[in-house]
file run.txt (compact mmCIF, C-alpha atoms)
# COMPACT_ATOMS: atom_id res chain seq x y z
CA MET A 1083 -8.50 -25.37 -11.70
CA SER A 1084 -4.94 -24.15 -11.23
CA GLU A 1085 -2.64 -25.01 -8.36
CA PRO A 1086 -2.17 -22.31 -5.69
CA LEU A 1087 1.10 -20.41 -6.05
CA THR A 1088 1.87 -20.77 -2.34
CA THR A 1089 0.88 -23.01 0.50
CA PRO A 1090 -1.61 -21.20 2.76
CA GLY A 1091 0.22 -19.31 5.49
CA GLU A 1092 3.60 -19.29 3.72
CA GLY A 1093 3.97 -17.00 0.67
CA PHE A 1094 4.35 -13.67 2.43
CA HIS A 1095 6.79 -14.48 5.23
CA PRO A 1096 8.58 -17.76 4.44
CA HIS A 1097 11.60 -16.64 6.51
CA LEU A 1098 9.57 -16.72 9.73
CA HIS A 1099 9.93 -20.49 10.02
CA ASP A 1100 13.72 -20.11 10.25
CA THR A 1101 13.66 -17.31 12.82
CA PRO A 1102 13.64 -18.18 16.53
CA THR A 1103 10.92 -16.50 18.55
CA PRO A 1104 12.48 -13.46 20.27
CA ALA A 1105 12.29 -13.13 24.02
CA THR A 1106 9.69 -10.52 24.91
CA THR A 1107 8.85 -8.53 27.98
CA PRO A 1108 5.22 -8.49 29.12
CA LEU A 1109 4.70 -4.98 27.63
CA ARG A 1110 6.02 -6.15 24.25
CA ALA A 1111 4.07 -9.41 24.07
CA ARG A 1112 0.58 -7.94 23.61
CA LEU A 1113 -1.39 -5.21 21.89
CA HIS A 1114 -2.16 -2.03 23.82
CA HIS A 1115 -5.39 -0.03 23.66
CA ILE A 1116 -4.98 3.59 24.70
CA ARG A 1117 -8.36 5.23 25.19
CA ALA A 1118 -8.86 8.86 24.24
CA ASP A 1119 -9.58 9.77 27.87
CA ALA A 1120 -6.36 8.07 29.07
CA LEU A 1121 -3.77 10.17 27.23
CA ASP A 1122 -0.76 11.14 29.34
CA GLY A 1123 -0.27 14.91 29.77
CA ASP A 1124 2.99 14.39 31.68
CA THR A 1125 5.20 14.86 28.61
CA ALA A 1126 7.63 17.47 27.30
CA GLN A 1127 5.82 20.76 26.70
CA THR A 1128 6.26 23.98 24.77
CA GLY A 1129 4.60 27.25 25.73
CA GLY A 1130 1.32 27.89 23.89
CA MET A 1131 0.39 24.25 23.35
CA ARG A 1132 -0.36 21.03 25.25
CA ARG A 1133 1.05 17.63 24.25
CA PHE A 1134 -0.55 14.33 25.27
CA ALA A 1135 1.23 10.98 24.87
CA ALA A 1136 -0.63 7.89 23.72
CA VAL A 1137 2.19 5.59 22.59
CA SER A 1138 5.58 6.00 24.27
CA GLY A 1139 8.26 4.06 26.07
CA ARG A 1140 6.59 4.86 29.37
CA THR A 1141 2.98 4.15 28.35
CA VAL A 1142 3.37 0.96 26.30
CA GLY A 1143 7.08 0.10 26.19
CA SER A 1144 7.69 1.32 22.64
CA GLU A 1145 11.35 1.49 21.69
CA LYS A 1146 11.35 3.48 18.44
CA LEU A 1147 8.10 5.42 18.33
CA TRP A 1148 6.21 8.16 20.16
CA MET A 1149 2.66 9.07 19.20
CA GLY A 1150 0.16 11.43 20.71
CA GLN A 1151 -1.72 14.62 20.10
CA THR A 1152 -1.19 18.32 20.51
CA HIS A 1153 -3.78 21.00 21.21
CA VAL A 1154 -3.15 24.64 20.31
CA ALA A 1155 -5.66 27.06 21.83
CA PRO A 1156 -7.39 29.70 19.68
CA ALA A 1157 -5.31 32.78 18.82
CA THR A 1158 -2.16 31.14 20.21
CA SER A 1159 1.40 30.64 19.03
CA SER A 1160 3.76 28.05 20.48
CA SER A 1161 7.29 28.86 21.52
CA ASP A 1162 10.01 28.20 18.97
CA HIS A 1163 11.40 24.67 19.33
CA HIS A 1164 12.76 21.58 17.60
CA HIS A 1165 12.53 17.85 18.29
CA GLY A 1166 16.17 16.81 18.39
CA GLU A 1167 16.95 13.64 16.47
CA SER A 1168 13.27 12.76 16.02
CA GLU A 1169 11.59 12.71 12.66
CA THR A 1170 8.09 14.04 13.26
CA ALA A 1171 4.96 13.40 11.24
CA ILE A 1172 1.86 15.49 11.94
CA TYR A 1173 -1.75 14.86 10.91
CA VAL A 1174 -4.21 17.73 11.25
CA VAL A 1175 -7.42 16.54 12.96
CA SER A 1176 -9.23 19.84 13.42
CA GLY A 1177 -8.70 23.56 13.02
CA HIS A 1178 -6.26 25.31 10.69
CA PRO A 1179 -2.89 25.33 12.44
CA GLU A 1180 0.04 27.02 10.75
CA PHE A 1181 3.59 25.67 10.92
CA VAL A 1182 6.33 28.29 10.69
CA PHE A 1183 10.04 27.83 10.00
CA LEU A 1184 12.90 29.84 8.48
CA ASP A 1185 14.20 28.62 5.12
CA GLY A 1186 17.91 29.37 4.90
CA THR A 1187 18.53 27.97 1.41
CA GLY A 1188 18.48 31.39 -0.28
CA ASP A 1189 20.68 34.47 0.15
CA GLU A 1190 18.67 35.52 3.20
CA ALA A 1191 16.60 33.43 5.58
CA GLU A 1192 12.93 33.62 4.69
CA GLU A 1193 9.99 32.83 6.98
CA VAL A 1194 7.81 30.09 5.53
CA ARG A 1195 4.28 29.59 6.83
CA LEU A 1196 2.52 26.31 6.02
CA ARG A 1197 -1.25 26.84 6.36
CA THR A 1198 -3.10 23.57 6.94
CA SER A 1199 -6.60 22.11 7.03
CA PRO A 1200 -8.06 18.93 8.56
CA GLY A 1201 -6.70 15.90 6.75
CA ASP A 1202 -3.35 17.54 5.87
CA TYR A 1203 0.04 16.13 6.89
CA ILE A 1204 3.30 17.89 7.83
CA PHE A 1205 6.77 16.32 8.06
CA VAL A 1206 9.34 17.93 10.37
CA PRO A 1207 12.93 16.67 9.86
CA PRO A 1208 15.24 16.27 12.88
CA PHE A 1209 16.59 19.46 14.50
CA VAL A 1210 14.53 21.87 12.31
CA PRO A 1211 13.43 24.87 14.42
CA HIS A 1212 9.74 25.71 14.02
CA ARG A 1213 6.60 26.77 15.83
CA GLU A 1214 2.89 26.05 15.60
CA GLU A 1215 0.33 28.83 15.43
CA ASN A 1216 -3.42 28.80 15.62
CA PRO A 1217 -4.68 32.11 14.18
CA ASP A 1218 -8.36 31.18 14.56
CA PRO A 1219 -9.93 33.37 17.27
CA SER A 1220 -12.41 30.71 18.45
CA GLU A 1221 -11.46 27.16 17.34
CA GLU A 1222 -8.80 25.00 18.99
CA ALA A 1223 -6.41 23.20 16.61
CA VAL A 1224 -5.76 19.49 17.26
CA VAL A 1225 -3.09 17.40 15.55
CA VAL A 1226 -1.89 13.81 15.91
CA ILE A 1227 1.89 13.44 16.08
CA ALA A 1228 4.16 10.45 15.45
CA ARG A 1229 7.88 10.61 16.23
CA SER A 1230 10.72 8.25 15.44
CA THR A 1231 11.97 8.25 19.03
CA GLN A 1232 10.45 6.55 22.03
CA GLU A 1233 9.75 9.79 23.89
CA ALA A 1234 8.74 13.29 22.83
CA ILE A 1235 12.01 15.18 22.50
CA VAL A 1236 11.37 18.92 22.76
CA VAL A 1237 14.13 21.52 22.74
CA ASN A 1238 12.64 24.97 23.37
CA LEU A 1239 14.53 27.81 21.70
CA PRO A 1240 14.87 31.56 22.43
CA LYS A 1241 14.14 32.36 18.77
CA LEU A 1242 13.46 30.81 15.38
CA TYR A 1243 16.55 30.35 13.24
CA ALA A 1244 17.29 28.85 9.85
CA LEU A 1245 19.44 25.77 9.44
CA PRO A 1246 22.45 26.21 7.16
CA ALA A 1247 21.69 25.29 3.55
CA ASP A 1248 24.19 22.41 3.67
CA ALA A 1249 22.66 20.86 6.84
CA ASP A 1250 21.33 17.32 6.41

call {"tool": "encode", "arguments": {"input": "run.txt", "output": "structure tokens"}}
result
Amino acid sequence: MSEPLTTPGEGFHPHLHDTPTPATTPLRARLHHIRADALDGDTAQTGGMRRFAAVSGRTVGSEKLWMGQTHVAPATSSSDHHHGESETAIYVVSGHPEFVFLDGTGDEAEEVRLRTSPGDYIFVPPFVPHREENPDPSEEAVVVIARSTQEAIVVNLPKLYALPADAD
């Protein structure tokens, strides 16, 4: 029988023994369970959709993450908006929402429409103007959203516009 390559409990994080335990606040010293019926609707909103926070600075004390869900009613389009400095990841739970933005990398800005299905993901970079649409006449679209900021930054816009091609 061969000798184990590591001592049990060491191999993956040997640096942890050298790191002092950080001071934690009560919210940051335990796991949090957010039940589906306890989502917080008191969050930034955009016309045509409803956002519900699950994980946020206010709900669980998160410092670098916001997560929740958005519902887009049948035959509805959201207002044009962006999410400031947040990177946004979207997972489609139900329905077939469409995500619309203007691509300004060509000679003229071109509307791009990303048609999705349950199980699909969308990534929205910081400051990119877009809108969500639900063209289905009878089924609500539901998506789960994760953002790289502690709260849901929403900047509603008067119109959709393309970012300059050299924008980062």

call {"tool": "atom_distance", "arguments": {"input": "run.txt", "atom1": "CA of His1164 (chain A)", "atom2": "CA of Val1137 (chain A)"}}
result
19.8 Å

call {"tool": "closest_residue", "arguments": {"input": "run.txt", "among": "A:Pro1179, A:Pro1208, A:Pro1246, A:Gly1188", "to": "Thr1231 (chain A)", "atoms": "only C-alpha atoms"}}
result
A:Pro1208

call {"tool": "atom_distance", "arguments": {"input": "run.txt", "atom1": "CA of Arg1213 (chain A)", "atom2": "CA of Arg1140 (chain A)"}}
result
25.8 Å

call {"tool": "axis_aligned_box", "arguments": {"input": "run.txt", "around": "region 1192-1196 of chain A", "padding_each_side": "6 Å", "output": "lines of an AutoDock Vina configuration file"}}
result
center_x = 7.7
center_y = 30.0
center_z = 5.8
size_x = 22.4
size_y = 19.3
size_z = 14.3

call {"tool": "closest_atom_pairs", "arguments": {"input": "run.txt", "of": "region 1131-1214 of chain A", "to": "region 1111-1115 of chain A", "cutoff": "10 Å", "atoms": "all atoms listed in the file", "output": "Markdown table"}}
result
| residue | atom | partner | partner_atom | distance |
| --- | --- | --- | --- | --- |
| A:Ala1136 | CA | A:His1115 | CA | 9.2 |
| A:Val1137 | CA | A:His1114 | CA | 8.9 |
| A:Thr1141 | CA | A:His1114 | CA | 9.2 |
| A:Val1142 | CA | A:His1114 | CA | 6.8 |
| A:Gly1143 | CA | A:His1114 | CA | 9.8 |

call {"tool": "atom_distance", "arguments": {"input": "run.txt", "atom1": "CA of Arg1132 (chain A)", "atom2": "CA of Ala1157 (chain A)"}}
result
14.3 Å

call {"tool": "residues_around", "arguments": {"input": "run.txt", "residues": "Val1174 (chain A)", "least_positions_apart": "4", "cutoff": "12 Å", "atoms": "only C-alpha atoms", "output": "PDB file with C-alpha atoms, in the frame of the given file"}}
result
ATOM      1  CA  GLN A1151      -1.720  14.620  20.100  1.00  0.00           C
ATOM      2  CA  THR A1152      -1.190  18.320  20.510  1.00  0.00           C
ATOM      3  CA  HIS A1153      -3.780  21.000  21.210  1.00  0.00           C
ATOM      4  CA  VAL A1154      -3.150  24.640  20.310  1.00  0.00           C
ATOM      5  CA  HIS A1178      -6.260  25.310  10.690  1.00  0.00           C
ATOM      6  CA  PRO A1179      -2.890  25.330  12.440  1.00  0.00           C
ATOM      7  CA  GLU A1180       0.040  27.020  10.750  1.00  0.00           C
ATOM      8  CA  PHE A1181       3.590  25.670  10.920  1.00  0.00           C
ATOM      9  CA  ARG A1197      -1.250  26.840   6.360  1.00  0.00           C
ATOM     10  CA  THR A1198      -3.100  23.570   6.940  1.00  0.00           C
ATOM     11  CA  SER A1199      -6.600  22.110   7.030  1.00  0.00           C
ATOM     12  CA  PRO A1200      -8.060  18.930   8.560  1.00  0.00           C
ATOM     13  CA  GLY A1201      -6.700  15.900   6.750  1.00  0.00           C
ATOM     14  CA  ASP A1202      -3.350  17.540   5.870  1.00  0.00           C
ATOM     15  CA  TYR A1203       0.040  16.130   6.890  1.00  0.00           C
ATOM     16  CA  ILE A1204       3.300  17.890   7.830  1.00  0.00           C
ATOM     17  CA  PHE A1205       6.770  16.320   8.060  1.00  0.00           C
ATOM     18  CA  GLU A1214       2.890  26.050  15.600  1.00  0.00           C
ATOM     19  CA  ASN A1216      -3.420  28.800  15.620  1.00  0.00           C
ATOM     20  CA  GLU A1222      -8.800  25.000  18.990  1.00  0.00           C
ATOM     21  CA  ALA A1223      -6.410  23.200  16.610  1.00  0.00           C
ATOM     22  CA  VAL A1224      -5.760  19.490  17.260  1.00  0.00           C
ATOM     23  CA  VAL A1225      -3.090  17.400  15.550  1.00  0.00           C
ATOM     24  CA  VAL A1226      -1.890  13.810  15.910  1.00  0.00           C
ATOM     25  CA  ILE A1227       1.890  13.440  16.080  1.00  0.00           C
ATOM     26  CA  ALA A1228       4.160  10.450  15.450  1.00  0.00           C
TER      27      ALA A1228
END

call {"tool": "closest_residue", "arguments": {"input": "run.txt", "among": "A:Gly1139, A:Gly1150, A:Gly1177, A:Gly1130", "to": "Asp1218 (chain A)", "atoms": "only C-alpha atoms"}}
result
A:Gly1177

call {"tool": "residues_around", "arguments": {"input": "run.txt", "residues": "Asp1124 (chain A)", "least_positions_apart": "5", "cutoff": "10 Å", "atoms": "only C-alpha atoms", "output": "list in words"}}
result
Arg1132, Arg1133, Phe1134 and Ala1135 of chain A

call {"tool": "closest_residue", "arguments": {"input": "run.txt", "among": "A:Gly1186, A:Gly1166, A:Pro1207, A:Pro1219", "to": "Ala1234 (chain A)", "atoms": "only C-alpha atoms"}}
result
A:Gly1166

call {"tool": "residues_near_point", "arguments": {"input": "run.txt", "point": "(8.3, 33.5, 12.7)", "cutoff": "7 Å", "atoms": "all atoms listed in the file", "output": "list in words"}}
result
Val1182, Phe1183, Glu1193 and Leu1242 of chain A

call {"tool": "residues_around", "arguments": {"input": "run.txt", "residues": "Glu1233 (chain A)", "least_positions_apart": "4", "cutoff": "9 Å", "atoms": "all atoms listed in the file", "output": "PyMOL selection string"}}
result
chain A and resi 1125-1126+1135+1137-1140+1144-1149+1229

call {"tool": "closest_residue", "arguments": {"input": "run.txt", "among": "A:Asp1122, A:Val1210, A:Asp1162, A:Glu1221", "to": "Ala1247 (chain A)", "atoms": "all atoms listed in the file"}}
result
A:Val1210
